[in-house]
file structure-v3.cif (mmCIF, C-alpha atoms)
data_protein
loop_
_atom_site.label_atom_id
_atom_site.label_comp_id
_atom_site.auth_asym_id
_atom_site.auth_seq_id
_atom_site.Cartn_x
_atom_site.Cartn_y
_atom_site.Cartn_z
CA MET A 187 0.00 0.00 0.00
CA LYS A 188 2.85 2.31 0.92
CA ALA A 189 4.63 1.40 -2.30
CA PHE A 190 1.46 2.22 -4.27
CA PHE A 191 1.23 5.74 -2.85
CA SER A 192 4.99 6.36 -3.17
CA ILE A 193 4.92 5.40 -6.85
CA LEU A 194 1.71 7.38 -7.41
CA ALA A 195 3.22 10.50 -5.81
CA ARG A 196 6.46 10.13 -7.77
CA ASP A 197 4.74 9.66 -11.14
CA LEU A 198 2.36 12.52 -10.50
CA ARG A 199 5.28 14.79 -9.58
CA LEU A 200 7.13 13.75 -12.75
CA SER A 201 4.11 14.40 -14.99
CA LEU A 202 3.47 17.78 -13.38
CA GLY A 203 7.14 18.69 -13.58
CA SER A 204 7.46 17.95 -17.29
CA GLY A 205 4.48 20.06 -18.36
CA GLY A 206 2.32 16.94 -18.20
CA ILE A 207 -0.91 18.71 -17.32
CA GLY A 208 -0.26 21.74 -19.48
CA LEU A 209 0.45 19.90 -22.71
CA PRO A 210 -2.72 17.78 -23.07
CA VAL A 211 -4.90 20.69 -21.98
CA VAL A 212 -3.33 23.11 -24.43
CA PHE A 213 -3.63 20.49 -27.16
CA PHE A 214 -7.29 19.90 -26.28
CA LEU A 215 -8.07 23.63 -26.38
CA LEU A 216 -6.12 24.02 -29.60
CA VAL A 217 -8.33 21.45 -31.33
CA ALA A 218 -11.44 23.17 -29.98
CA THR A 219 -10.13 26.50 -31.29
CA LEU A 220 -9.15 25.21 -34.74
CA TYR A 221 -12.32 23.25 -35.44
CA PRO A 222 -14.59 26.32 -35.92
CA PHE A 223 -11.98 27.75 -38.31
CA ALA A 224 -12.08 24.56 -40.34
CA VAL A 225 -15.87 24.11 -40.66
CA GLY A 226 -16.93 27.75 -40.52
CA PRO A 227 -18.83 29.77 -37.95
CA ASP A 228 -22.18 28.00 -38.35
CA GLY A 229 -23.43 27.83 -34.76
CA ASP A 230 -25.90 24.97 -35.33
CA LEU A 231 -23.35 22.79 -37.09
CA LEU A 232 -20.78 23.44 -34.36
CA ALA A 233 -23.28 22.63 -31.63
CA LYS A 234 -24.28 19.41 -33.39
CA THR A 235 -20.75 18.11 -34.02
CA GLY A 236 -18.76 19.84 -31.25
CA GLY A 237 -19.28 17.12 -28.63
CA GLY A 238 -17.78 14.48 -30.88
CA VAL A 239 -14.83 16.72 -31.69
CA LEU A 240 -14.15 17.13 -27.97
CA TRP A 241 -14.04 13.35 -27.65
CA VAL A 242 -11.51 12.99 -30.47
CA ALA A 243 -9.44 15.75 -28.88
CA ALA A 244 -9.61 14.05 -25.48
CA LEU A 245 -8.41 10.76 -26.96
CA LEU A 246 -5.45 12.40 -28.71
CA ALA A 247 -4.61 14.43 -25.59
CA ALA A 248 -4.49 11.21 -23.55
CA LEU A 249 -2.12 9.73 -26.12
CA LEU A 250 0.41 12.59 -25.85
CA PRO A 251 2.32 11.52 -22.71
CA VAL A 252 2.26 7.77 -23.48
CA ASP A 253 5.96 7.51 -24.37
CA ARG A 254 6.89 9.02 -20.99
CA LEU A 255 4.81 6.65 -18.87
CA ILE A 256 6.94 3.49 -18.79
CA ALA A 257 9.97 3.77 -21.09
CA PRO A 258 12.08 6.22 -19.01
CA ASP A 259 11.54 4.12 -15.86
CA ALA A 260 12.46 0.93 -17.70
CA GLU A 261 15.63 2.51 -19.08
CA SER A 262 16.84 4.06 -15.83
CA GLY A 263 16.34 0.84 -13.87
CA VAL A 264 13.55 2.21 -11.67
CA LEU A 265 11.22 -0.68 -12.61
CA ASP A 266 13.99 -3.17 -11.71
CA GLN A 267 14.38 -1.50 -8.33
CA TYR A 268 10.63 -1.90 -7.68
CA GLY A 269 11.06 -5.57 -8.59
CA VAL A 270 14.01 -6.07 -6.21
CA ARG A 271 11.87 -4.62 -3.41
CA GLY A 272 9.15 -7.13 -4.16
CA VAL A 273 6.61 -4.54 -5.30
CA GLY A 274 4.20 -6.39 -7.60
CA GLU A 275 4.20 -5.29 -11.23
CA GLU A 276 0.41 -5.00 -11.05
CA ILE A 277 0.73 -2.53 -8.15
CA VAL A 278 3.25 -0.51 -10.17
CA ALA A 279 0.89 -0.53 -13.17
CA LEU A 280 -2.13 0.44 -11.07
CA ALA A 281 -0.20 3.34 -9.52
CA LYS A 282 0.90 4.48 -12.97
CA ILE A 283 -2.66 4.30 -14.34
CA THR A 284 -3.95 6.34 -11.40
CA ALA A 285 -1.18 8.92 -11.75
CA HIS A 286 -1.71 9.15 -15.52
CA TRP A 287 -5.45 9.72 -15.03
CA LEU A 288 -4.89 12.35 -12.34
CA GLY A 289 -2.43 14.00 -14.71
CA PHE A 290 -4.91 14.59 -17.55
CA GLY A 291 -8.47 13.50 -16.65
CA PRO A 292 -9.54 16.26 -14.24
CA ALA A 293 -7.61 18.86 -16.25
CA LEU A 294 -9.48 17.90 -19.45
CA MET A 295 -12.80 18.14 -17.62
CA ILE A 296 -11.95 21.70 -16.60
CA ALA A 297 -10.68 22.55 -20.08
CA ALA A 298 -13.97 21.27 -21.54
CA LEU A 299 -15.67 24.38 -20.09
CA PRO A 300 -13.89 26.96 -22.30
CA ALA A 301 -13.88 24.45 -25.16
CA ALA A 302 -17.68 24.19 -24.95
CA ALA A 303 -17.92 27.96 -25.25
CA LEU A 304 -15.66 27.92 -28.32
CA LEU A 305 -17.82 25.24 -29.97
CA HIS A 306 -21.15 26.82 -29.09
CA LEU A 307 -22.30 23.87 -26.97
CA ASP A 308 -25.26 24.47 -24.68
CA GLY A 309 -25.55 23.44 -21.03
CA THR A 310 -27.13 20.00 -21.55
CA ILE A 311 -24.53 18.96 -24.11
CA LEU A 312 -21.72 20.26 -21.91
CA ALA A 313 -23.12 18.29 -18.97
CA SER A 314 -23.20 15.05 -20.97
CA VAL A 315 -19.66 15.67 -22.26
CA GLU A 316 -18.45 16.17 -18.68
CA ILE A 317 -20.19 13.04 -17.40
CA GLY A 318 -18.86 11.11 -20.38
CA LEU A 319 -15.29 12.34 -19.76
CA LEU A 320 -15.57 11.38 -16.10
CA ALA A 321 -16.63 7.87 -17.09
CA GLY A 322 -14.34 7.45 -20.09
CA THR A 323 -10.99 9.03 -19.18
CA PRO A 324 -10.04 6.32 -16.61
CA GLY A 325 -10.37 3.80 -19.44
CA LEU A 326 -8.18 5.97 -21.67
CA ALA A 327 -5.58 6.15 -18.86
CA ALA A 328 -5.56 2.36 -18.42
CA LEU A 329 -5.26 1.87 -22.17
CA GLY A 330 -2.40 4.37 -22.31
CA VAL A 331 -0.36 2.61 -19.62
CA MET A 332 -1.06 -0.81 -21.19
CA VAL A 333 0.15 0.32 -24.58
CA ALA A 334 3.12 2.16 -23.02
CA SER A 335 4.29 -0.99 -21.25
CA LEU A 336 4.06 -3.01 -24.45
CA THR A 337 6.00 -0.49 -26.55
CA ALA A 338 8.56 0.63 -23.95
CA GLY A 339 11.24 -1.79 -25.09
CA LEU A 340 10.98 -0.82 -28.75
CA ARG A 341 12.77 1.85 -30.69
CA ARG A 342 10.40 4.58 -31.84
CA GLY A 343 7.85 3.08 -29.48
CA GLY A 344 6.00 6.37 -29.34
CA ALA A 345 4.75 6.20 -32.93
CA LEU A 346 3.81 2.55 -32.55
CA ALA A 347 1.96 3.36 -29.35
CA GLY A 348 -0.35 5.65 -31.32
CA LEU A 349 -1.04 2.99 -33.94
CA LEU A 350 -1.80 0.44 -31.23
CA MET A 351 -3.85 2.64 -28.96
CA LEU A 352 -6.18 4.41 -31.38
CA PRO A 353 -8.02 1.32 -32.69
CA LEU A 354 -8.39 -0.02 -29.17
CA ALA A 355 -9.94 3.27 -28.10
CA VAL A 356 -12.69 3.06 -30.76
CA PRO A 357 -15.37 1.75 -28.35
CA LEU A 358 -14.68 4.64 -25.96
CA ILE A 359 -15.00 7.13 -28.83
CA ILE A 360 -18.22 5.60 -30.19
CA PHE A 361 -19.96 5.40 -26.84
CA GLY A 362 -18.46 8.69 -25.64
CA ALA A 363 -19.73 10.63 -28.65
CA GLY A 364 -22.97 8.64 -28.58
CA SER A 365 -23.65 9.58 -24.99
CA ILE A 366 -24.17 13.18 -26.10
CA GLY A 367 -27.70 14.11 -27.10
CA GLU A 368 -31.21 12.94 -26.59
CA PHE A 369 -30.83 9.18 -26.34
CA GLY A 370 -27.41 9.15 -24.70
CA GLY A 371 -28.30 7.17 -21.59
CA GLY A 372 -27.65 3.75 -23.11
CA ALA A 373 -24.40 4.82 -24.75
CA LEU A 374 -23.23 6.32 -21.47
CA ARG A 375 -23.74 2.96 -19.78
CA PHE A 376 -21.77 1.23 -22.53
CA LEU A 377 -19.06 3.89 -22.18
CA ALA A 378 -18.83 3.27 -18.46
CA ALA A 379 -18.76 -0.49 -19.04
CA SER A 380 -15.92 -0.30 -21.62
CA SER A 381 -14.00 2.05 -19.37
CA LEU A 382 -14.50 -0.22 -16.36
CA PHE A 383 -13.35 -3.21 -18.39
CA LEU A 384 -10.15 -1.41 -19.43
CA VAL A 385 -9.47 -0.27 -15.85
CA ALA A 386 -9.98 -3.84 -14.59
CA VAL A 387 -7.76 -5.45 -17.24
CA GLY A 388 -5.19 -2.61 -17.37
CA PRO A 389 -3.10 -3.35 -14.27
CA PHE A 390 -2.72 -7.02 -15.19
CA ALA A 391 -1.92 -6.43 -18.86
CA ALA A 392 0.49 -3.59 -18.09
CA GLY A 393 2.02 -5.62 -15.24
CA ALA A 394 2.70 -8.50 -17.63
CA GLY A 395 4.21 -5.97 -20.06
CA ILE A 396 6.52 -4.62 -17.35
CA ARG A 397 7.60 -8.17 -16.43
CA ALA A 398 8.32 -8.94 -20.08
CA LEU A 399 10.58 -5.86 -20.31
CA ARG A 400 13.11 -7.56 -17.98
CA GLU A 401 13.90 -10.36 -20.37
CA MET B 104 20.37 -8.59 11.07
CA THR B 105 20.41 -12.27 10.27
CA ALA B 106 21.16 -12.21 6.59
CA GLN B 107 21.34 -15.57 4.89
CA LEU B 108 21.49 -16.64 1.30
CA ALA B 109 21.51 -20.24 0.15
CA VAL B 110 21.77 -21.10 -3.53
CA GLU B 111 21.47 -24.67 -4.70
CA ASN B 112 22.29 -26.04 -8.11
CA LEU B 113 21.23 -22.82 -9.80
CA ALA B 114 21.04 -22.67 -13.60
CA CYS B 115 20.09 -19.75 -15.80
CA VAL B 116 18.96 -19.70 -19.43
CA ARG B 117 18.78 -16.53 -21.49
CA GLY B 118 17.77 -16.32 -25.10
CA GLY B 119 17.70 -20.10 -25.39
CA ARG B 120 21.32 -20.41 -24.23
CA MET B 121 22.46 -21.98 -20.97
CA LEU B 122 24.58 -19.35 -19.23
CA PHE B 123 25.69 -21.32 -16.19
CA LYS B 124 24.51 -24.33 -14.22
CA GLY B 125 25.21 -26.13 -11.01
CA ILE B 126 25.97 -23.00 -8.98
CA SER B 127 25.73 -23.71 -5.25
CA PHE B 128 26.85 -21.68 -2.26
CA ALA B 129 25.62 -20.73 1.17
CA LEU B 130 26.44 -17.44 2.87
CA GLY B 131 25.63 -16.24 6.36
CA ALA B 132 25.84 -12.97 8.26
CA GLY B 133 29.08 -11.10 7.61
CA ASP B 134 30.07 -13.25 4.64
CA ALA B 135 31.13 -11.99 1.23
CA LEU B 136 31.29 -13.62 -2.18
CA LEU B 137 33.38 -12.35 -5.08
CA LEU B 138 32.12 -13.40 -8.50
CA THR B 139 34.70 -13.48 -11.27
CA GLY B 140 34.74 -14.73 -14.82
CA PRO B 141 35.07 -13.53 -18.40
CA ASN B 142 32.60 -11.13 -20.04
CA GLY B 143 29.27 -12.63 -20.99
CA VAL B 144 29.57 -15.62 -18.69
CA GLY B 145 26.50 -14.52 -16.74
CA LYS B 146 27.74 -12.65 -13.68
CA SER B 147 25.11 -9.92 -14.04
CA SER B 148 22.44 -12.51 -14.85
CA LEU B 149 23.34 -14.43 -11.68
CA LEU B 150 22.96 -11.26 -9.61
CA ARG B 151 19.64 -10.45 -11.30
CA ALA B 152 18.44 -14.02 -10.69
CA LEU B 153 19.38 -13.69 -6.99
CA ALA B 154 17.48 -10.38 -6.88
CA GLY B 155 14.41 -12.11 -8.29
CA LEU B 156 14.44 -10.19 -11.56
CA LEU B 157 15.22 -13.16 -13.80
CA PRO B 158 13.37 -16.46 -13.71
CA VAL B 159 15.44 -19.32 -12.35
CA TYR B 160 15.74 -22.15 -14.88
CA ALA B 161 16.69 -24.82 -12.35
CA GLY B 162 17.74 -24.97 -8.71
CA SER B 163 16.65 -22.74 -5.87
CA VAL B 164 17.49 -19.44 -4.18
CA ALA B 165 16.56 -18.98 -0.53
CA ALA B 166 17.21 -15.52 0.87
CA GLN B 167 16.60 -14.32 4.39
CA GLY B 168 16.69 -10.56 4.70
CA ARG B 169 16.01 -7.70 2.34
CA ILE B 170 17.96 -7.49 -0.90
CA ALA B 171 19.42 -4.41 -2.60
CA LEU B 172 20.87 -4.43 -6.11
CA ALA B 173 23.36 -1.97 -7.60
CA ASP B 174 23.82 -2.51 -11.33
CA GLU B 175 24.87 -0.08 -14.06
CA SER B 176 21.65 1.97 -13.84
CA PRO B 177 21.46 4.45 -10.97
CA ALA B 178 17.61 4.48 -10.94
CA LEU B 179 17.67 8.04 -9.60
CA ASP B 180 15.47 10.79 -11.06
CA PRO B 181 17.86 12.87 -13.18
CA ARG B 182 16.15 16.17 -12.45
CA LEU B 183 15.90 15.81 -8.68
CA PRO B 184 18.63 16.90 -6.27
CA LEU B 185 20.67 13.86 -5.22
CA ALA B 186 19.46 13.82 -1.61
CA ARG B 187 15.79 13.87 -2.66
CA ALA B 188 16.33 11.25 -5.38
CA LEU B 189 17.89 8.96 -2.76
CA GLY B 190 15.12 9.94 -0.36
CA PHE B 191 12.49 8.40 -2.65
CA TRP B 192 14.05 4.94 -2.28
CA ALA B 193 14.87 5.46 1.40
CA GLY B 194 11.21 6.35 1.95
CA LEU B 195 10.11 3.19 0.16
CA ASP B 196 12.56 1.15 2.26
CA GLY B 197 11.56 2.89 5.48
CA SER B 198 15.04 4.14 6.39
CA GLY B 199 14.09 7.84 6.08
CA ASP B 200 16.23 10.98 5.97
CA GLY B 201 18.75 9.67 8.52
CA GLY B 202 19.57 6.80 6.19
CA VAL B 203 20.12 9.19 3.28
CA ALA B 204 22.44 11.46 5.29
CA ALA B 205 24.51 8.50 6.48
CA ALA B 206 24.74 7.12 2.94
CA LEU B 207 25.83 10.50 1.51
CA ASP B 208 28.51 10.71 4.22
CA ALA B 209 29.72 7.17 3.60
CA PHE B 210 30.46 7.94 -0.05
CA ASN B 211 31.65 11.52 0.47
CA LEU B 212 28.63 12.91 -1.40
CA ALA B 213 27.32 15.20 1.34
CA PRO B 214 28.43 18.40 -0.50
CA LEU B 215 26.54 17.19 -3.61
CA GLY B 216 23.21 16.58 -1.85
CA ASP B 217 21.60 19.62 -3.51
CA VAL B 218 23.01 18.98 -6.99
CA PRO B 219 20.60 17.51 -9.59
CA VAL B 220 21.50 13.92 -10.47
CA ARG B 221 21.92 14.74 -14.18
CA MET B 222 24.79 17.13 -13.30
CA LEU B 223 26.86 14.40 -11.64
CA SER B 224 29.92 12.93 -13.32
CA THR B 225 30.20 9.21 -14.12
CA GLY B 226 32.14 8.44 -10.96
CA GLN B 227 29.84 10.54 -8.81
CA ARG B 228 26.81 8.79 -10.29
CA ARG B 229 28.44 5.46 -9.50
CA ARG B 230 28.93 6.56 -5.90
CA ALA B 231 25.31 7.76 -5.84
CA THR B 232 24.19 4.27 -6.95
CA LEU B 233 26.22 2.75 -4.10
CA ALA B 234 24.77 5.35 -1.70
CA ARG B 235 21.30 4.16 -2.75
CA ILE B 236 22.27 0.64 -1.61
CA HIS B 237 23.65 2.02 1.63
CA ALA B 238 20.51 4.07 2.29
CA SER B 239 18.22 1.09 1.64
CA ALA B 240 19.40 -0.54 4.89
CA ALA B 241 19.04 -3.90 3.13
CA ASP B 242 20.71 -7.00 4.58
CA ILE B 243 21.98 -8.46 1.31
CA TRP B 244 23.95 -6.25 -1.07
CA LEU B 245 24.27 -7.40 -4.68
CA LEU B 246 26.92 -5.28 -6.40
CA ASP B 247 27.56 -5.49 -10.15
CA GLU B 248 31.01 -4.09 -10.97
CA PRO B 249 30.86 -1.64 -8.05
CA GLY B 250 34.40 -0.38 -8.66
CA ASN B 251 33.82 0.74 -12.27
CA GLY B 252 34.61 4.41 -12.77
CA LEU B 253 35.71 4.99 -9.18
CA ASP B 254 38.99 6.69 -8.29
CA THR B 255 41.34 5.32 -5.64
CA ALA B 256 39.86 7.38 -2.82
CA SER B 257 36.32 6.31 -3.74
CA LEU B 258 37.40 2.66 -3.93
CA GLY B 259 38.60 3.08 -0.35
CA LEU B 260 35.18 4.43 0.63
CA LEU B 261 33.51 1.45 -1.06
CA GLU B 262 35.75 -1.02 0.77
CA ALA B 263 35.08 0.73 4.07
CA ALA B 264 31.32 0.71 3.44
CA ILE B 265 31.35 -2.99 2.58
CA ALA B 266 33.45 -3.78 5.67
CA ALA B 267 31.06 -1.80 7.90
CA HIS B 268 28.05 -3.53 6.33
CA ARG B 269 29.60 -6.97 6.96
CA ALA B 270 30.56 -6.03 10.52
CA GLN B 271 26.89 -5.27 11.18
CA GLY B 272 25.91 -8.74 10.03
CA GLY B 273 25.22 -7.87 6.42
CA LEU B 274 26.05 -9.98 3.43
CA VAL B 275 27.71 -8.90 0.19
CA ILE B 276 27.93 -10.51 -3.23
CA ALA B 277 30.02 -8.57 -5.73
CA ALA B 278 30.80 -9.28 -9.37
CA SER B 279 34.04 -7.51 -10.19
CA HIS B 280 37.10 -7.59 -12.40
CA GLN B 281 38.99 -5.47 -9.91
CA PRO B 282 40.28 -6.76 -6.59
CA LEU B 283 37.88 -5.17 -4.11
CA GLY B 284 39.75 -5.89 -0.89
CA LEU B 285 36.98 -8.16 0.38
CA GLU B 286 38.66 -9.75 3.36
CA GLY B 287 37.98 -13.43 3.80
CA ALA B 288 35.62 -13.48 0.86
CA THR B 289 34.67 -16.69 -0.89
CA ALA B 290 35.67 -16.59 -4.53
CA LEU B 291 33.44 -18.03 -7.22
CA ALA B 292 34.74 -18.16 -10.76
CA LEU B 293 31.91 -18.63 -13.25
CA GLU B 294 32.62 -20.77 -16.27
CA ALA B 295 30.61 -21.01 -19.44
CA ALA B 296 28.21 -23.94 -19.33
CA GLN B 297 28.69 -26.56 -22.01
#

call {"tool": "encode", "arguments": {"input": "structure-v3.cif", "output": "structure tokens"}}
result
Amino acid sequence: MKAFFSILARDLRLSLGSGGIGLPVVFFLLVATLYPFAVGPDGDLLAKTGGGVLWVAALLAALLPVDRLIAPDAESGVLDQYGVRGVGEEIVALAKITAHWLGFGPALMIAALPAAALLHLDGTILASVEIGLLAGTPGLAALGVMVASLTAGLRRGGALAGLLMLPLAVPLIIFGAGSIGEFGGGALRFLAASSLFLVAVGPFAAGAGIRALRE
Amino acid sequence: MTAQLAVENLACVRGGRMLFKGISFALGAGDALLLTGPNGVGKSSLLRALAGLLPVYAGSVAAQGRIALADESPALDPRLPLARALGFWAGLDGSGDGGVAAALDAFNLAPLGDVPVRMLSTGQRRRATLARIHASAADIWLLDEPGNGLDTASLGLLEAAIAAHRAQGGLVIAASHQPLGLEGATALALEAAQ
């Protein structure tokens, strides 16, 4: 338990120190700013499609720090030192997932407020985007750490991580964007279920990935 | 401390190749073992197997006491000041700030406590790695080429630290090409398995 919180605090400090929160949020807001330029200032069109755009932006923002999640720790021997101390790889992975989520999830939910204004989203749509982000971002975090642990040992793992992660995130995108609007209740439940599944599988898959890095 | 390490008939396979087999030894409190052998014979792999990082192909390892491993990677956050980077591991090991201060003193690093780890020279980083072992307050020290990159004065510090650790009932296993001045140490020369 103590190891979990030590690792969580360390990873959170590292992600805050390296502009971890700033970068995804700025990226997210940048997409929200550029989108109206690309499709034109039609308020109705923006309001209809803006929620989905926010979901794509959230997914890409979660992908940004993936190459910093596992690879530096594997290279510098930190993961080995956890292993020598008998800290389970699953505990390490769970702490990293939690730290990764804390590093971008809440920040994206706050950034969604100005983004909603930029995209002309009304209160009900904003509310369903926020609830959707709350349900979906933990799944994105788990997916990010899983993919990071699988690609940490590879050269140019960062690019491969994107190729691996985006298809796996398709259910989150579909149900996330689907949860916006009139009949979103069912999609929101599916979103929460996919996210829960990823969070449940994540520590074990990422833990196995970390163990495989030692070979 | 009642450090004990018993290894029986240990064999290790990496990449489909048998590195060594039939390794047996038993060490008690205050003992030291010096591993020697040519490059690639599996000295580092043996240490990693003892630390539980590599699966054991055959045989058994029974350790009593906490283990600390110093290999070529310092495992210290490059951007943190040295004392705080060591403090992370000391906190995890429960030895606290006192342990860090003693470790910095033991390797003559006290003046560098506020310097970020990335600013340290190769030799200083090496001493910082050894200080991490010292600060862990572990019973069993596994040292992989601990003398690499150290000057004569620092080698003296290393020998003194090892002697003090053994006097307190600790146990040391070192893989080294250099003579480390391990008094009364058992020597184990690894040979390539056929």

call {"tool": "resolve_selection", "arguments": {"input": "structure-v3.cif", "expression": "the PyMOL selection byres ((chain B) within 10 of (chain A))", "output": "PyMOL selection string"}}
result
chain B and resi 117-118+151+153-158+169-183+191-192+194-197+239+241

call {"tool": "closest_residue", "arguments": {"input": "structure-v3.cif", "among": "B:Leu245, B:Leu212, B:Ala240, B:Leu293", "to": "B:Gly125", "atoms": "only C-alpha atoms"}}
result
B:Leu293

call {"tool": "residues_around", "arguments": {"input": "structure-v3.cif", "residues": "A:Leu304", "least_positions_apart": "3", "cutoff": "9 Å", "atoms": "only C-alpha atoms", "output": "number ranges by chain"}}
result
A: 215, 218-219, 222, 299-301, 307

call {"tool": "resolve_selection", "arguments": {"input": "structure-v3.cif", "expression": "the PyMOL selection byres ((chain A and resi 312-323) around 9)", "output": "PyMOL selection string"}}
result
chain A and resi 237-238+240-241+244-245+248+287+290-292+294-296+298-299+302+307-311+324-328+358-359+361-363+365-367+370+374+377-382

call {"tool": "resolve_selection", "arguments": {"input": "structure-v3.cif", "expression": "the PyMOL selection byres ((chain B and resi 116) around 10)", "output": "mmCIF file with C-alpha atoms, in the frame of the given file"}}
result
data_model
loop_
_atom_site.group_PDB
_atom_site.id
_atom_site.type_symbol
_atom_site.label_atom_id
_atom_site.label_comp_id
_atom_site.auth_asym_id
_atom_site.auth_seq_id
_atom_site.Cartn_x
_atom_site.Cartn_y
_atom_site.Cartn_z
ATOM 1 C CA ALA B 114 21.040 -22.670 -13.600
ATOM 2 C CA CYS B 115 20.090 -19.750 -15.800
ATOM 3 C CA ARG B 117 18.780 -16.530 -21.490
ATOM 4 C CA GLY B 118 17.770 -16.320 -25.100
ATOM 5 C CA GLY B 119 17.700 -20.100 -25.390
ATOM 6 C CA ARG B 120 21.320 -20.410 -24.230
ATOM 7 C CA MET B 121 22.460 -21.980 -20.970
ATOM 8 C CA LEU B 122 24.580 -19.350 -19.230
ATOM 9 C CA PHE B 123 25.690 -21.320 -16.190
ATOM 10 C CA LYS B 124 24.510 -24.330 -14.220
ATOM 11 C CA GLY B 145 26.500 -14.520 -16.740
ATOM 12 C CA SER B 148 22.440 -12.510 -14.850
ATOM 13 C CA LEU B 157 15.220 -13.160 -13.800
ATOM 14 C CA PRO B 158 13.370 -16.460 -13.710
ATOM 15 C CA VAL B 159 15.440 -19.320 -12.350
ATOM 16 C CA TYR B 160 15.740 -22.150 -14.880
ATOM 17 C CA ALA B 161 16.690 -24.820 -12.350
#

call {"tool": "atom_distance", "arguments": {"input": "structure-v3.cif", "atom1": "atom CA of A:Gly395", "atom2": "atom CA of A:Leu336"}}
result
5.3 Å

call {"tool": "closest_residue", "arguments": {"input": "structure-v3.cif", "among": "B:Gln107, B:Thr289, B:Ala132, B:Lys146", "to": "B:Gly272", "atoms": "only C-alpha atoms"}}
result
B:Ala132

call {"tool": "atom_distance", "arguments": {"input": "structure-v3.cif", "atom1": "atom CA of A:Val331", "atom2": "atom CA of B:Ala152"}}
result
26.6 Å

call {"tool": "residues_around", "arguments": {"input": "structure-v3.cif", "residues": "B:Ala238", "least_positions_apart": "6", "cutoff": "6 Å", "atoms": "all atoms listed in the file", "output": "PyMOL selection string"}}
result
chain B and resi 193+202-203+206

call {"tool": "closest_residue", "arguments": {"input": "structure-v3.cif", "among": "A:Ala297, A:Thr235, A:Leu329, A:Val225", "to": "A:Val212", "atoms": "only C-alpha atoms"}}
result
A:Ala297

call {"tool": "atom_distance", "arguments": {"input": "structure-v3.cif", "atom1": "atom CA of A:Val217", "atom2": "atom CA of A:Thr337"}}
result
26.6 Å

call {"tool": "residues_around", "arguments": {"input": "structure-v3.cif", "residues": "A:Met332", "least_positions_apart": "2", "cutoff": "12 Å", "atoms": "only C-alpha atoms", "output": "NGL selection string"}}
result
:A and (249 or 252-253 or 255-257 or 276 or 278-280 or 282-283 or 286 or 325-330 or 334-338 or 347 or 350-351 or 354-355 or 384-396)

call {"tool": "residues_near_point", "arguments": {"input": "structure-v3.cif", "point": "(24.5, 12.9, -7.2)", "cutoff": "6 Å", "atoms": "only C-alpha atoms", "output": "ChimeraX atom specification"}}
result
/B:185,215,220,223,228,231

call {"tool": "write_last_selection", "arguments": {"input": "structure-v3.cif", "atoms": "C-alpha atoms", "output": "PDB file, in the coordinates of the input"}}
result
ATOM      1  CA  LEU B 185      20.670  13.860  -5.220  1.00  0.00           C
ATOM      2  CA  LEU B 215      26.540  17.190  -3.610  1.00  0.00           C
ATOM      3  CA  VAL B 220      21.500  13.920 -10.470  1.00  0.00           C
ATOM      4  CA  LEU B 223      26.860  14.400 -11.640  1.00  0.00           C
ATOM      5  CA  ARG B 228      26.810   8.790 -10.290  1.00  0.00           C
ATOM      6  CA  ALA B 231      25.310   7.760  -5.840  1.00  0.00           C
TER       7      ALA B 231
END

call {"tool": "closest_residue", "arguments": {"input": "structure-v3.cif", "among": "A:Ala303, A:Ala247, A:Ala195, A:Leu202", "to": "A:Leu232", "atoms": "all atoms listed in the file"}}
result
A:Ala303

call {"tool": "axis_aligned_box", "arguments": {"input": "structure-v3.cif", "around": "stretch 213-224 of chain B", "padding_each_side": "3 Å", "output": "lines of an AutoDock Vina configuration file"}}
result
center_x = 25.3
center_y = 16.3
center_z = -6.4
size_x = 15.3
size_y = 12.7
size_z = 21.5

call {"tool": "residues_around", "arguments": {"input": "structure-v3.cif", "residues": "A:Pro227", "least_positions_apart": "6", "cutoff": "12 Å", "atoms": "only C-alpha atoms", "output": "list in words"}}
result
Thr219, Leu220, Tyr221, Ala233, Gly236, Leu304, Leu305 and His306 of chain A

call {"tool": "write_last_selection", "arguments": {"input": "structure-v3.cif", "atoms": "C-alpha atoms", "output": "PDB file, in the frame of the given file"}}
result
ATOM      1  CA  THR A 219     -10.130  26.500 -31.290  1.00  0.00           C
ATOM      2  CA  LEU A 220      -9.150  25.210 -34.740  1.00  0.00           C
ATOM      3  CA  TYR A 221     -12.320  23.250 -35.440  1.00  0.00           C
ATOM      4  CA  ALA A 233     -23.280  22.630 -31.630  1.00  0.00           C
ATOM      5  CA  GLY A 236     -18.760  19.840 -31.250  1.00  0.00           C
ATOM      6  CA  LEU A 304     -15.660  27.920 -28.320  1.00  0.00           C
ATOM      7  CA  LEU A 305     -17.820  25.240 -29.970  1.00  0.00           C
ATOM      8  CA  HIS A 306     -21.150  26.820 -29.090  1.00  0.00           C
TER       9      HIS A 306
END

call {"tool": "closest_residue", "arguments": {"input": "structure-v3.cif", "among": "B:Ala290, B:Ala278, B:Ile243, B:Val218", "to": "B:Leu149", "atoms": "all atoms listed in the file"}}
result
B:Ala278

call {"tool": "closest_residue", "arguments": {"input": "structure-v3.cif", "among": "B:Leu207, B:Leu138, B:Met222, B:Leu253", "to": "B:His237", "atoms": "all atoms listed in the file"}}
result
B:Leu207

call {"tool": "decode", "arguments": {"input": "structure-v3.cif", "residues": "stretch 115-124 of chain B", "atoms": "C-alpha atoms", "output": "tab-separated table (two decimals), in the first residue's frame"}}
result
chain	number	residue	atom	x	y	z
B	115	CYS	CA	20.09	-19.75	-15.80
B	116	VAL	CA	18.96	-19.70	-19.43
B	117	ARG	CA	18.78	-16.53	-21.49
B	118	GLY	CA	17.77	-16.32	-25.10
B	119	GLY	CA	17.70	-20.10	-25.39
B	120	ARG	CA	21.32	-20.41	-24.23
B	121	MET	CA	22.46	-21.98	-20.97
B	122	LEU	CA	24.58	-19.35	-19.23
B	123	PHE	CA	25.69	-21.32	-16.19
B	124	LYS	CA	24.51	-24.33	-14.22
